[in-house]
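**Q** Next up, structure12.cif (mmCIF, C-alpha atoms and all ligand atoms).
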data_protein
#
loop_
_atom_site.label_atom_id
_atom_site.label_comp_id
_atom_site.auth_asym_id
_atom_site.auth_seq_id
_atom_site.Cartn_x
_atom_site.Cartn_y
_atom_site.Cartn_z
CA MET A 2 4.51 -26.13 -19.96
CA LEU A 3 1.42 -25.20 -17.98
CA ALA A 4 -1.97 -26.12 -19.40
CA VAL A 5 -3.77 -23.14 -20.94
CA VAL A 6 -7.38 -22.88 -21.99
CA PRO A 7 -7.35 -21.18 -25.40
CA THR A 8 -11.00 -20.09 -25.23
CA PRO A 9 -11.40 -16.47 -24.04
CA VAL A 10 -13.13 -16.20 -20.67
CA THR A 11 -15.68 -13.49 -19.92
CA VAL A 12 -16.51 -12.56 -16.34
CA ARG A 13 -19.10 -10.10 -15.01
CA ALA A 14 -18.49 -8.21 -11.79
CA PRO A 15 -20.86 -5.83 -10.00
CA ALA A 16 -20.60 -2.30 -8.60
CA LYS A 17 -21.13 -1.66 -4.90
CA VAL A 18 -22.74 0.89 -2.68
CA ASN A 19 -21.90 1.29 1.02
CA LEU A 20 -25.16 1.37 2.99
CA HIS A 21 -23.17 2.26 6.09
CA LEU A 22 -19.59 3.52 6.07
CA ALA A 23 -17.96 4.35 9.40
CA VAL A 24 -14.41 5.65 8.97
CA GLY A 25 -12.08 5.30 11.97
CA ASP A 26 -8.74 6.97 12.54
CA LEU A 27 -5.87 7.10 10.09
CA ARG A 28 -3.60 4.06 10.62
CA ALA A 29 0.19 3.98 10.45
CA ASP A 30 -0.03 2.24 7.03
CA GLY A 31 -2.00 5.15 5.50
CA TYR A 32 -5.33 3.34 5.58
CA HIS A 33 -8.33 3.97 7.82
CA ASP A 34 -10.11 1.32 9.84
CA LEU A 35 -13.60 0.90 8.46
CA THR A 36 -16.85 -0.64 9.53
CA THR A 37 -18.97 -0.84 6.44
CA LEU A 38 -21.97 -2.59 4.97
CA PHE A 39 -21.50 -3.33 1.29
CA GLN A 40 -24.31 -4.12 -1.13
CA SER A 41 -23.53 -5.20 -4.69
CA LEU A 42 -25.51 -3.49 -7.45
CA SER A 43 -26.73 -4.44 -10.91
CA LEU A 44 -24.33 -2.06 -12.65
CA ILE A 45 -21.86 -4.47 -14.20
CA ASP A 46 -18.42 -4.43 -15.81
CA GLU A 47 -17.65 -7.26 -18.19
CA VAL A 48 -14.04 -8.38 -18.56
CA THR A 49 -12.80 -10.78 -21.25
CA VAL A 50 -9.36 -12.34 -20.92
CA ALA A 51 -7.77 -14.15 -23.85
CA VAL A 52 -4.37 -15.56 -24.69
CA ALA A 53 -2.69 -13.31 -27.32
CA ASP A 54 0.58 -12.59 -29.09
CA GLU A 55 0.91 -9.21 -27.41
CA SER A 56 -0.22 -7.88 -24.01
CA ARG A 57 -3.01 -5.43 -24.55
CA LEU A 58 -5.86 -3.77 -22.64
CA GLU A 59 -8.92 -2.36 -24.39
CA VAL A 60 -11.68 -0.44 -22.64
CA ARG A 61 -15.16 0.30 -23.99
CA GLY A 62 -18.36 1.66 -22.47
CA GLU A 63 -19.19 4.05 -19.63
CA GLY A 64 -16.31 6.56 -19.13
CA ALA A 65 -13.86 4.39 -21.09
CA ALA A 66 -11.77 7.39 -22.18
CA ASP A 67 -10.84 8.06 -18.54
CA VAL A 68 -9.53 4.55 -17.83
CA PRO A 69 -5.74 4.08 -18.00
CA THR A 70 -4.69 1.10 -20.13
CA ASP A 71 -1.07 1.04 -18.94
CA GLU A 72 0.49 -0.90 -16.05
CA SER A 73 -1.35 1.30 -13.54
CA ASN A 74 -4.69 -0.33 -14.40
CA LEU A 75 -5.83 -2.63 -11.60
CA VAL A 76 -6.38 -5.50 -14.06
CA TRP A 77 -2.60 -5.71 -14.63
CA LYS A 78 -2.08 -5.55 -10.87
CA ALA A 79 -4.49 -8.50 -10.63
CA VAL A 80 -2.49 -10.44 -13.27
CA ARG A 81 0.78 -9.80 -11.40
CA ALA A 82 -0.67 -10.61 -7.96
CA LEU A 83 -2.24 -13.89 -9.04
CA ALA A 84 0.84 -14.96 -11.02
CA ALA A 85 3.06 -14.24 -7.99
CA HIS A 86 0.67 -16.14 -5.72
CA VAL A 87 0.85 -19.32 -7.81
CA GLY A 88 4.49 -18.85 -8.87
CA ARG A 89 4.12 -18.40 -12.59
CA ASP A 90 5.28 -15.85 -15.17
CA PRO A 91 2.63 -13.10 -15.55
CA ASP A 92 3.79 -12.46 -19.16
CA GLU A 93 3.66 -16.02 -20.44
CA PRO A 94 1.40 -16.52 -22.23
CA LYS A 95 0.61 -12.89 -23.04
CA LEU A 96 -2.91 -11.68 -22.39
CA ARG A 97 -5.39 -9.51 -24.17
CA ILE A 98 -7.90 -8.04 -21.72
CA SER A 99 -11.07 -6.24 -22.83
CA ILE A 100 -13.24 -4.33 -20.39
CA ASN A 101 -16.79 -3.30 -21.19
CA LYS A 102 -17.67 -0.75 -18.54
CA GLY A 103 -21.13 -0.32 -17.10
CA ILE A 104 -19.82 1.05 -13.78
CA PRO A 105 -18.96 4.76 -13.63
CA VAL A 106 -15.21 5.46 -13.53
CA ALA A 107 -13.86 7.01 -10.27
CA GLY A 108 -17.45 7.19 -9.08
CA GLY A 109 -17.17 5.58 -5.64
CA MET A 110 -18.76 2.37 -6.88
CA ALA A 111 -15.65 0.11 -7.02
CA GLY A 112 -15.49 0.02 -10.82
CA GLY A 113 -11.72 -0.53 -10.96
CA SER A 114 -12.00 -3.11 -8.18
CA ALA A 115 -14.72 -4.94 -10.13
CA ASP A 116 -12.39 -5.16 -13.14
CA ALA A 117 -9.62 -6.56 -10.94
CA ALA A 118 -11.97 -9.12 -9.33
CA ALA A 119 -13.27 -10.16 -12.75
CA THR A 120 -9.69 -10.56 -14.00
CA LEU A 121 -8.82 -12.82 -11.05
CA VAL A 122 -11.81 -15.08 -11.75
CA ALA A 123 -11.08 -15.14 -15.49
CA LEU A 124 -7.41 -16.00 -14.96
CA ALA A 125 -8.23 -18.73 -12.46
CA HIS A 126 -10.21 -20.35 -15.29
CA LEU A 127 -7.78 -19.57 -18.08
CA TRP A 128 -4.79 -20.88 -16.08
CA ARG A 129 -6.86 -23.80 -14.75
CA LEU A 130 -5.98 -23.00 -11.15
CA GLU A 131 -7.51 -25.15 -8.43
CA MET A 132 -8.26 -22.21 -6.16
CA GLY A 133 -11.19 -21.77 -3.83
CA ARG A 134 -12.92 -18.43 -3.40
CA ASP A 135 -11.22 -17.88 -0.02
CA GLU A 136 -7.76 -18.18 -1.55
CA LEU A 137 -8.77 -15.89 -4.41
CA ALA A 138 -10.05 -13.40 -1.80
CA THR A 139 -6.62 -13.21 -0.14
CA VAL A 140 -5.08 -12.27 -3.51
CA ALA A 141 -7.96 -9.81 -4.06
CA ALA A 142 -7.16 -8.04 -0.77
CA GLU A 143 -3.59 -7.36 -1.96
CA ILE A 144 -4.97 -5.53 -5.00
CA GLY A 145 -7.37 -3.16 -3.21
CA SER A 146 -9.65 -2.88 -0.21
CA ASP A 147 -12.90 -3.27 -2.21
CA VAL A 148 -11.74 -6.12 -4.44
CA PRO A 149 -12.68 -8.97 -2.04
CA PHE A 150 -16.23 -7.63 -1.78
CA VAL A 151 -16.93 -7.31 -5.50
CA LEU A 152 -15.46 -10.79 -5.90
CA GLN A 153 -17.97 -12.09 -3.35
CA GLY A 154 -20.98 -9.87 -4.11
CA GLY A 155 -24.25 -9.96 -2.18
CA LEU A 156 -24.37 -8.12 1.10
CA ALA A 157 -21.48 -8.12 3.57
CA LEU A 158 -20.10 -6.45 6.66
CA GLY A 159 -16.56 -5.25 6.01
CA THR A 160 -13.95 -4.38 8.65
CA GLY A 161 -10.21 -3.68 8.64
CA ARG A 162 -9.51 -1.75 5.43
CA GLY A 163 -12.87 -3.07 4.24
CA GLU A 164 -11.32 -6.30 3.03
CA GLN A 165 -12.32 -8.50 5.99
CA LEU A 166 -15.80 -9.69 5.11
CA VAL A 167 -18.64 -11.44 6.85
CA PRO A 168 -21.55 -12.23 4.51
CA VAL A 169 -24.94 -10.89 5.62
CA LEU A 170 -28.02 -12.94 4.78
CA SER A 171 -30.27 -11.05 2.42
CA ARG A 172 -33.73 -12.06 1.26
CA HIS A 173 -34.79 -8.66 -0.03
CA THR A 174 -34.05 -6.66 -3.15
CA TYR A 175 -33.55 -2.91 -2.90
CA HIS A 176 -34.13 -0.43 -5.70
CA TRP A 177 -31.76 2.43 -6.35
CA VAL A 178 -31.24 5.40 -8.62
CA MET A 179 -27.60 6.29 -9.12
CA ALA A 180 -26.80 9.88 -10.15
CA LEU A 181 -23.50 9.97 -12.06
CA ASP A 182 -21.43 13.13 -11.82
CA ALA A 183 -19.61 14.82 -14.69
CA GLY A 184 -16.18 13.97 -13.23
CA GLY A 185 -14.67 11.49 -10.79
CA LEU A 186 -13.16 11.87 -7.32
CA SER A 187 -9.90 10.31 -6.18
CA THR A 188 -10.45 7.98 -3.21
CA PRO A 189 -7.17 8.90 -1.41
CA GLU A 190 -8.05 12.61 -1.81
CA VAL A 191 -11.48 12.09 -0.26
CA PHE A 192 -9.99 10.24 2.73
CA ARG A 193 -7.40 13.04 3.10
CA GLU A 194 -10.16 15.65 3.00
CA LEU A 195 -11.99 13.79 5.79
CA ASP A 196 -8.79 13.79 7.90
CA ARG A 197 -8.51 17.54 7.28
CA LEU A 198 -12.14 18.19 8.21
CA ARG A 199 -11.67 16.17 11.40
CA VAL A 200 -8.66 18.28 12.41
CA GLU A 201 -10.62 21.47 11.75
CA GLY A 202 -13.93 20.50 13.29
CA ASN A 203 -16.36 17.71 13.87
CA PRO A 204 -17.92 16.39 10.67
CA PRO A 205 -20.90 14.06 11.26
CA ARG A 206 -20.20 10.43 12.09
CA VAL A 207 -22.57 7.56 11.39
CA GLY A 208 -24.01 5.66 14.36
CA ALA A 209 -23.69 1.95 15.15
CA VAL A 210 -24.07 -0.63 12.39
CA GLU A 211 -26.46 -2.94 14.32
CA PRO A 212 -29.66 -0.94 13.62
CA VAL A 213 -28.77 -1.00 9.90
CA LEU A 214 -28.48 -4.79 10.05
CA GLU A 215 -31.89 -4.93 11.76
CA ALA A 216 -33.45 -2.72 9.08
CA LEU A 217 -31.98 -5.00 6.40
CA ALA A 218 -33.43 -8.06 8.12
CA SER A 219 -36.87 -6.40 8.09
CA GLY A 220 -36.64 -5.81 4.34
CA ASP A 221 -38.45 -2.47 4.72
CA PRO A 222 -36.72 0.16 2.54
CA ASN A 223 -38.38 2.93 4.62
CA GLN A 224 -36.53 1.70 7.72
CA LEU A 225 -33.27 1.30 5.86
CA ALA A 226 -33.60 4.77 4.32
CA LEU A 227 -33.55 6.37 7.79
CA LEU A 228 -30.26 4.66 8.63
CA LEU A 229 -28.17 5.03 5.47
CA GLY A 230 -24.95 6.86 6.33
CA ASN A 231 -21.47 7.54 5.05
CA ASP A 232 -18.67 9.30 6.95
CA LEU A 233 -16.99 10.12 3.62
CA GLN A 234 -20.00 12.13 2.49
CA ALA A 235 -18.90 15.35 4.24
CA ALA A 236 -15.50 15.09 2.55
CA ALA A 237 -16.93 14.38 -0.90
CA VAL A 238 -19.37 17.30 -0.54
CA SER A 239 -16.55 19.55 0.68
CA LEU A 240 -14.56 18.75 -2.50
CA ARG A 241 -17.64 18.86 -4.76
CA PRO A 242 -20.19 21.26 -3.16
CA GLY A 243 -22.67 20.71 -6.02
CA LEU A 244 -23.40 17.26 -4.60
CA ARG A 245 -25.55 18.92 -1.93
CA ARG A 246 -27.96 19.98 -4.68
CA THR A 247 -27.92 16.52 -6.26
CA LEU A 248 -28.73 14.88 -2.90
CA ARG A 249 -31.62 17.28 -2.33
CA ALA A 250 -32.94 16.85 -5.86
CA GLY A 251 -33.14 13.05 -5.51
CA VAL A 252 -35.22 13.27 -2.37
CA ASN A 253 -37.41 15.97 -3.95
CA ALA A 254 -37.90 13.61 -6.89
CA GLY A 255 -39.38 11.00 -4.53
CA ALA A 256 -36.45 8.91 -3.29
CA LEU A 257 -36.66 7.71 0.33
CA ALA A 258 -33.11 8.91 1.02
CA GLY A 259 -29.88 9.76 -0.75
CA ILE A 260 -26.22 9.27 0.15
CA VAL A 261 -22.89 9.72 -1.54
CA SER A 262 -21.74 6.28 -2.73
CA GLY A 263 -18.40 5.36 -1.13
CA SER A 264 -15.91 8.16 -1.81
CA GLY A 265 -18.25 9.67 -4.43
CA PRO A 266 -19.13 11.60 -6.44
CA THR A 267 -21.92 9.21 -7.49
CA CYS A 268 -25.04 9.74 -5.37
CA ALA A 269 -27.19 6.72 -4.50
CA PHE A 270 -30.92 7.13 -3.92
CA LEU A 271 -32.93 4.38 -2.24
CA CYS A 272 -36.47 4.05 -3.62
CA SER A 273 -39.50 2.21 -2.31
CA ASP A 274 -39.75 -0.17 -5.31
CA GLY A 275 -38.75 -0.61 -8.95
CA ASP A 276 -41.54 1.61 -10.33
CA ALA A 277 -40.62 4.39 -7.92
CA ALA A 278 -36.97 4.10 -9.02
CA VAL A 279 -37.96 4.58 -12.67
CA ARG A 280 -40.04 7.66 -11.76
CA VAL A 281 -37.25 9.15 -9.60
CA ALA A 282 -34.70 8.51 -12.35
CA ALA A 283 -36.85 10.29 -14.94
CA GLU A 284 -37.40 13.32 -12.71
CA LEU A 285 -33.80 13.51 -11.56
CA SER A 286 -32.41 13.32 -15.07
CA GLY A 287 -34.56 16.36 -15.95
CA ALA A 288 -33.37 18.34 -12.90
CA GLY A 289 -29.97 19.19 -14.41
CA VAL A 290 -28.01 18.23 -11.28
CA CYS A 291 -26.02 15.29 -12.64
CA ARG A 292 -24.52 13.98 -15.88
CA THR A 293 -26.82 10.99 -16.16
CA VAL A 294 -28.81 8.54 -14.04
CA ARG A 295 -28.97 4.76 -13.80
CA VAL A 296 -31.56 2.53 -12.19
CA ALA A 297 -30.02 -0.39 -10.29
CA GLN A 298 -30.99 -3.06 -7.82
CA GLY A 299 -29.12 -4.99 -5.22
CA PRO A 300 -27.84 -7.23 -3.93
CA VAL A 301 -26.63 -9.22 -6.95
CA ALA A 302 -24.03 -11.99 -7.41
CA GLY A 303 -20.30 -11.36 -7.24
CA ALA A 304 -17.76 -11.85 -10.04
CA ARG A 305 -18.70 -14.86 -12.16
CA VAL A 306 -17.82 -16.47 -15.45
CA VAL A 307 -20.43 -15.97 -18.17
CA THR A 308 -18.68 -17.43 -21.23
CA GLY A 309 -15.76 -19.67 -22.01
CA GLU A 310 -15.15 -23.20 -20.79
CA ASP A 311 -16.76 -24.11 -17.47
CA ALA A 312 -19.08 -21.06 -17.53
CA ALA A 313 -20.69 -20.94 -14.11
O1 LIG B 401 -7.32 -0.15 -1.03
P1 LIG B 401 -7.34 0.84 -2.14
O2 LIG B 401 -6.06 0.84 -2.92
O3 LIG B 401 -8.53 0.75 -3.01
O4 LIG B 401 -7.44 2.25 -1.44
C1 LIG B 401 -7.22 3.44 -2.14
C2 LIG B 401 -6.87 4.54 -1.17
O5 LIG B 401 -8.00 4.86 -0.37
C3 LIG B 401 -5.77 4.20 -0.16
O6 LIG B 401 -4.50 4.45 -0.68
C4 LIG B 401 -6.11 5.13 0.99
O7 LIG B 401 -5.65 6.43 0.72
C5 LIG B 401 -7.63 5.17 0.96
N1 LIG B 401 -8.22 4.19 1.88
C6 LIG B 401 -8.16 4.42 3.24
N2 LIG B 401 -8.69 3.51 4.11
C7 LIG B 401 -9.31 2.40 3.64
C8 LIG B 401 -9.40 2.15 2.26
C9 LIG B 401 -8.84 3.08 1.40
O8 LIG B 401 -7.61 5.43 3.68
N3 LIG B 401 -9.83 1.54 4.52
#
Translate this file's structure into structure tokens.
Ligand code: C5P
**A**
Amino acid sequence: MLAVVPTPVTVRAPAKVNLHLAVGDLRADGYHDLTTLFQSLSLIDEVTVAVADESRLEVRGEGAADVPTDESNLVWKAVRALAAHVGRDPDEPKLRISINKGIPVAGGMAGGSADAAATLVALAHLWRLEMGRDELATVAAEIGSDVPFVLQGGLALGTGRGEQLVPVLSRHTYHWVMALDAGGLSTPEVFRELDRLRVEGNPPRVGAVEPVLEALASGDPNQLALLLGNDLQAAAVSLRPGLRRTLRAGVNAGALAGIVSGSGPTCAFLCSDGDAAVRVAAELSGAGVCRTVRVAQGPVAGARVVTGEDAA
């Protein structure tokens, strides 16, 4: 019988925004090679994992009604992947998982990935696994391309599918306004749309990542604003043309720059400081171009235990 901690474990995991997202060609495995700069954001999902008589997933909070609770949810994929990695039965003991969502669903902010990363950290505690973060990251990469980053948090350069990470030193905090759309976008569909646009024509491509790293080192949001870029933006806007208006409205409201976050449809607006972000958020929410707005800052910590034994 394996030792089990009976106390439920709660883990918080952050959203992400890609400050720079260069999408390469379609690979034979259906993925695209990426060069991306991830920054974690202070929009947080909270996941509680407890031992229970029956397996069950409950979802509350932002967009909860749109989250599947069946086997397709990434938290169950995380349970299966970690159990397989350490050679134990994923169904014994049974688990009750509760997600409190602060990250928009299907919004291009890695909300599902954050839940999976949080589940991995919670299970490592609950099952008392002696696993380092690097080993957990290899399991995370099997679950999804963004899962290793939200596990790690902070600021990082991602290559490969986005799962190969090099941390980037960050001494500065950046202030954002996130404009949440009425619906979500499917990540595979957005990548497919980019492939289609590239066959038809020549959608814009972001430049090199080095100047973005230099801007980050300077800590000047004005410099960073000039260099924000996302190859998926053209595809997201093609599928959701109203995003053009949202992007314009954020800049008109006083943001330094706006980009589509990841595969969208959330738009991320970089602001000069926290006060400016509050002003931009107020004006943008009155402009009628998005469902709602959130103020966020980054980078923040990756997935970490907040309650239960050994909270750290
Ligand atoms: O890795 P993840 O399961 O989150 O990716 C979801 C989908 O996004 C993939 O099935 C693929 O269609 C697309 N994707 C991609 N290239 C990447 C990451 C994701 O084409 N580097």
**Q** Could you give me, as an mmCIF file with C-alpha atoms, keeping the file's coordinate frame, the residues within 12 Å of Ser73 (chain A), counting all atoms listed in the file and dropping anything in the same chain fewer than 4 positions from it?
**A**
data_model
loop_
_atom_site.group_PDB
_atom_site.id
_atom_site.type_symbol
_atom_site.label_atom_id
_atom_site.label_comp_id
_atom_site.auth_asym_id
_atom_site.auth_seq_id
_atom_site.Cartn_x
_atom_site.Cartn_y
_atom_site.Cartn_z
ATOM 1 C CA LEU A 58 -5.860 -3.770 -22.640
ATOM 2 C CA VAL A 68 -9.530 4.550 -17.830
ATOM 3 C CA PRO A 69 -5.740 4.080 -18.000
ATOM 4 C CA TRP A 77 -2.600 -5.710 -14.630
ATOM 5 C CA LYS A 78 -2.080 -5.550 -10.870
ATOM 6 C CA ALA A 79 -4.490 -8.500 -10.630
ATOM 7 C CA VAL A 80 -2.490 -10.440 -13.270
ATOM 8 C CA ARG A 81 0.780 -9.800 -11.400
ATOM 9 C CA GLY A 113 -11.720 -0.530 -10.960
ATOM 10 C CA ALA A 117 -9.620 -6.560 -10.940
ATOM 11 C CA ILE A 144 -4.970 -5.530 -5.000
#
**Q** As a short mmCIF file (atom, residue, chain, number, x, y, z; two decimals) with C-alpha atoms, keeping the file's coordinate frame, please: the residues near Thr267 (chain A) (cut-off 8 Å, all atoms listed in the file, same-chain neighbours under 5 positions excluded).
**A**
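Saved to part.cif:
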data_model
loop_
_atom_site.label_atom_id
_atom_site.label_comp_id
_atom_site.auth_asym_id
_atom_site.auth_seq_id
_atom_site.Cartn_x
_atom_site.Cartn_y
_atom_site.Cartn_z
CA GLY A 108 -17.45 7.19 -9.08
CA GLY A 109 -17.17 5.58 -5.64
CA MET A 110 -18.76 2.37 -6.88
CA MET A 179 -27.60 6.29 -9.12
CA ALA A 180 -26.80 9.88 -10.15
CA LEU A 181 -23.50 9.97 -12.06
CA ASP A 182 -21.43 13.13 -11.82
CA VAL A 261 -22.89 9.72 -1.54
CA SER A 262 -21.74 6.28 -2.73
#
**Q** Smallest atom-to-atom distance to Glu164 (chain A): which of A:Leu35, A:Leu214, A:Ala14, A:Ala209, using all atoms listed in the file?
**A**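 When distances to Glu164 (chain A) are compared using all atoms listed in the file, the smallest one comes from A:Leu35.
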**Q** Please identify all polymer residues within 8 Å of region 233-246 of chain A, counting all atoms listed in the file, omitting same-chain residues fewer than 6 positions from it, and present them as a compact mmCIF listing (two decimals) with C-alpha atoms, in the coordinates of the input.
**A**
# COMPACT_ATOMS: atom_id res chain seq x y z
CA LEU A 22 -19.59 3.52 6.07
CA VAL A 24 -14.41 5.65 8.97
CA LEU A 186 -13.16 11.87 -7.32
CA VAL A 191 -11.48 12.09 -0.26
CA PHE A 192 -9.99 10.24 2.73
CA GLU A 194 -10.16 15.65 3.00
CA LEU A 195 -11.99 13.79 5.79
CA LEU A 198 -12.14 18.19 8.21
CA PRO A 204 -17.92 16.39 10.67
CA PRO A 205 -20.90 14.06 11.26
CA ILE A 260 -26.22 9.27 0.15
CA VAL A 261 -22.89 9.72 -1.54
CA GLY A 263 -18.40 5.36 -1.13
CA SER A 264 -15.91 8.16 -1.81
CA GLY A 265 -18.25 9.67 -4.43
CA PRO A 266 -19.13 11.60 -6.44
CA CYS A 268 -25.04 9.74 -5.37
CA VAL A 290 -28.01 18.23 -11.28
**Q** Taking only C-alpha atoms and all ligand atoms and a cut-off of 7 Å, can you tell me which residues surround ligand LIG 401 (chain B), written as an mmCIF file with C-alpha atoms, in the frame of the given file?
**A**
data_model
loop_
_atom_site.group_PDB
_atom_site.id
_atom_site.type_symbol
_atom_site.label_atom_id
_atom_site.label_comp_id
_atom_site.auth_asym_id
_atom_site.auth_seq_id
_atom_site.Cartn_x
_atom_site.Cartn_y
_atom_site.Cartn_z
ATOM 1 C CA LEU A 27 -5.870 7.100 10.090
ATOM 2 C CA GLY A 31 -2.000 5.150 5.500
ATOM 3 C CA TYR A 32 -5.330 3.340 5.580
ATOM 4 C CA HIS A 33 -8.330 3.970 7.820
ATOM 5 C CA ASP A 34 -10.110 1.320 9.840
ATOM 6 C CA LEU A 35 -13.600 0.900 8.460
ATOM 7 C CA ILE A 144 -4.970 -5.530 -5.000
ATOM 8 C CA GLY A 145 -7.370 -3.160 -3.210
ATOM 9 C CA SER A 146 -9.650 -2.880 -0.210
ATOM 10 C CA ASP A 147 -12.900 -3.270 -2.210
ATOM 11 C CA GLY A 161 -10.210 -3.680 8.640
ATOM 12 C CA ARG A 162 -9.510 -1.750 5.430
ATOM 13 C CA GLY A 163 -12.870 -3.070 4.240
ATOM 14 C CA THR A 188 -10.450 7.980 -3.210
ATOM 15 C CA PRO A 189 -7.170 8.900 -1.410
ATOM 16 C CA PHE A 192 -9.990 10.240 2.730
#
**Q** Which of these, A:Ile104, A:Val306, A:Val48, A:Val87, has the shortest distance to Leu130 (chain A) once you count all atoms listed in the file?
**A**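 So, comparing all the options, the nearest one is A:Val87.
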**Q** Between CA of Leu158 (chain A) and CA of Val207 (chain A), what is the spacing in Å?
**A**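 Atom-to-atom, CA of Val207 (chain A) to CA of Leu158 (chain A), that is 15.0 Å.
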**Q** Using only C-alpha atoms, which of A:Val178, A:Ala29, A:Val296, A:Ala115 sits nearest Phe150 (chain A)?
**A**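 Looking only at the distances to Phe150 (chain A), the closest residue turns out to be A:Ala115.
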**Q** Could you check the closest approach to Arg28 (chain A) for each of A:Asp196, A:Leu44, A:Leu228, A:Gly159 and tell me which residue wins, using only C-alpha atoms?
**A** A:Asp196
**Q** Would you kindly return, as a list in words, each protein, DNA or RNA residue with an atom no farther than 6 Å from any atom of His21 (chain A), considering only C-alpha atoms and excluding same-chain residues fewer than 2 positions away?
**A**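 Everything that qualifies: Asn19, Thr37, Leu38, Leu229, Gly230 and Asn231 of chain A.
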**Q** For Glu47 (chain A), which residue among A:Gly25, A:Pro91, A:Gly259, A:Gly103 is the nearest when counting all atoms listed in the file?
**A**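 Checking each of A:Gly25, A:Pro91, A:Gly259, A:Gly103 against Glu47 (chain A), counting all atoms listed in the file, the winner is A:Gly103.
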**Q** For Glu93 (chain A), which of A:Leu248, A:Ala304, A:Ala53, A:Ala218 is the closest residue, counting only C-alpha atoms?
**A**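 Distance minimum relative to Glu93 (chain A) lands on A:Ala53.
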**Q** Residues near Pro222 (chain A), anyone? I mean within 12 Å using only C-alpha atoms, not counting same-chain ones fewer than 2 positions away, as a PyMOL selection string.
**A** chain A and resi 20+173-177+213+215-220+224-229+256-258+270-275+277
**Q** Next, the residues of the selection above should be written as a compact mmCIF listing (two decimals), in the frame of the given file with C-alpha atoms.
**A**
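File written: again_3.txt
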# COMPACT_ATOMS: atom_id res chain seq x y z
CA LEU A 20 -25.16 1.37 2.99
CA HIS A 173 -34.79 -8.66 -0.03
CA THR A 174 -34.05 -6.66 -3.15
CA TYR A 175 -33.55 -2.91 -2.90
CA HIS A 176 -34.13 -0.43 -5.70
CA TRP A 177 -31.76 2.43 -6.35
CA VAL A 213 -28.77 -1.00 9.90
CA GLU A 215 -31.89 -4.93 11.76
CA ALA A 216 -33.45 -2.72 9.08
CA LEU A 217 -31.98 -5.00 6.40
CA ALA A 218 -33.43 -8.06 8.12
CA SER A 219 -36.87 -6.40 8.09
CA GLY A 220 -36.64 -5.81 4.34
CA GLN A 224 -36.53 1.70 7.72
CA LEU A 225 -33.27 1.30 5.86
CA ALA A 226 -33.60 4.77 4.32
CA LEU A 227 -33.55 6.37 7.79
CA LEU A 228 -30.26 4.66 8.63
CA LEU A 229 -28.17 5.03 5.47
CA ALA A 256 -36.45 8.91 -3.29
CA LEU A 257 -36.66 7.71 0.33
CA ALA A 258 -33.11 8.91 1.02
CA PHE A 270 -30.92 7.13 -3.92
CA LEU A 271 -32.93 4.38 -2.24
CA CYS A 272 -36.47 4.05 -3.62
CA SER A 273 -39.50 2.21 -2.31
CA ASP A 274 -39.75 -0.17 -5.31
CA GLY A 275 -38.75 -0.61 -8.95
CA ALA A 277 -40.62 4.39 -7.92
**Q** Quote the spacing between CA of Gln40 (chain A) and CA of Ser171 (chain A) in Å to one decimal place.
**A**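 One can read the CA of Gln40 (chain A) to CA of Ser171 (chain A) distance as 9.8 Å.
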**Q** Please indicate the distance in Å from CA of Glu55 (chain A) to CA of His126 (chain A), rounded to one decimal place.
**A**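 Going from CA of Glu55 (chain A) over to CA of His126 (chain A) covers 19.9 Å.
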**Q** What residues have an atom no more than 12 Å from (-37.4, 16.4, -13.0) in the file's own frame, counting all atoms listed in the file, and can you write them as a list of chain:residue names?
**A**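 Residues with an atom at most 12 Å from (-37.4, 16.4, -13.0): A:Thr247, A:Ala250, A:Gly251, A:Val252, A:Asn253, A:Ala254, A:Gly255, A:Val279, A:Arg280, A:Val281, A:Ala282, A:Ala283, A:Glu284, A:Leu285, A:Ser286, A:Gly287, A:Ala288, A:Gly289, A:Val290, A:Cys291, A:Val294.
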**Q** Taking the structure in the block just given, could you write region 33-58 of chain A with C-alpha atoms, as a short mmCIF file (atom, residue, chain, number, x, y, z; two decimals), in the first residue's frame?
**A**
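part_35.cif written:
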data_model
loop_
_atom_site.label_atom_id
_atom_site.label_comp_id
_atom_site.auth_asym_id
_atom_site.auth_seq_id
_atom_site.Cartn_x
_atom_site.Cartn_y
_atom_site.Cartn_z
CA HIS A 33 4.91 23.60 -35.51
CA ASP A 34 8.38 24.55 -34.37
CA LEU A 35 8.13 27.63 -32.19
CA THR A 36 10.42 30.27 -30.83
CA THR A 37 8.51 32.00 -28.11
CA LEU A 38 8.94 34.18 -25.06
CA PHE A 39 6.48 33.26 -22.34
CA GLN A 40 5.55 35.51 -19.43
CA SER A 41 3.35 34.20 -16.61
CA LEU A 42 0.48 36.45 -15.52
CA SER A 43 -1.40 37.08 -12.30
CA LEU A 44 -4.60 35.47 -13.59
CA ILE A 45 -4.70 32.26 -11.60
CA ASP A 46 -6.52 28.93 -11.59
CA GLU A 47 -6.73 27.13 -8.27
CA VAL A 48 -6.90 23.34 -8.28
CA THR A 49 -7.69 21.23 -5.20
CA VAL A 50 -7.03 17.49 -5.29
CA ALA A 51 -8.42 15.22 -2.58
CA VAL A 52 -8.74 11.50 -2.03
CA ALA A 53 -12.42 10.48 -2.45
CA ASP A 54 -14.76 7.51 -2.79
CA GLU A 55 -15.60 8.39 -6.38
CA SER A 56 -13.62 10.11 -9.16
CA ARG A 57 -15.10 13.50 -9.77
CA LEU A 58 -14.20 16.85 -11.36
#
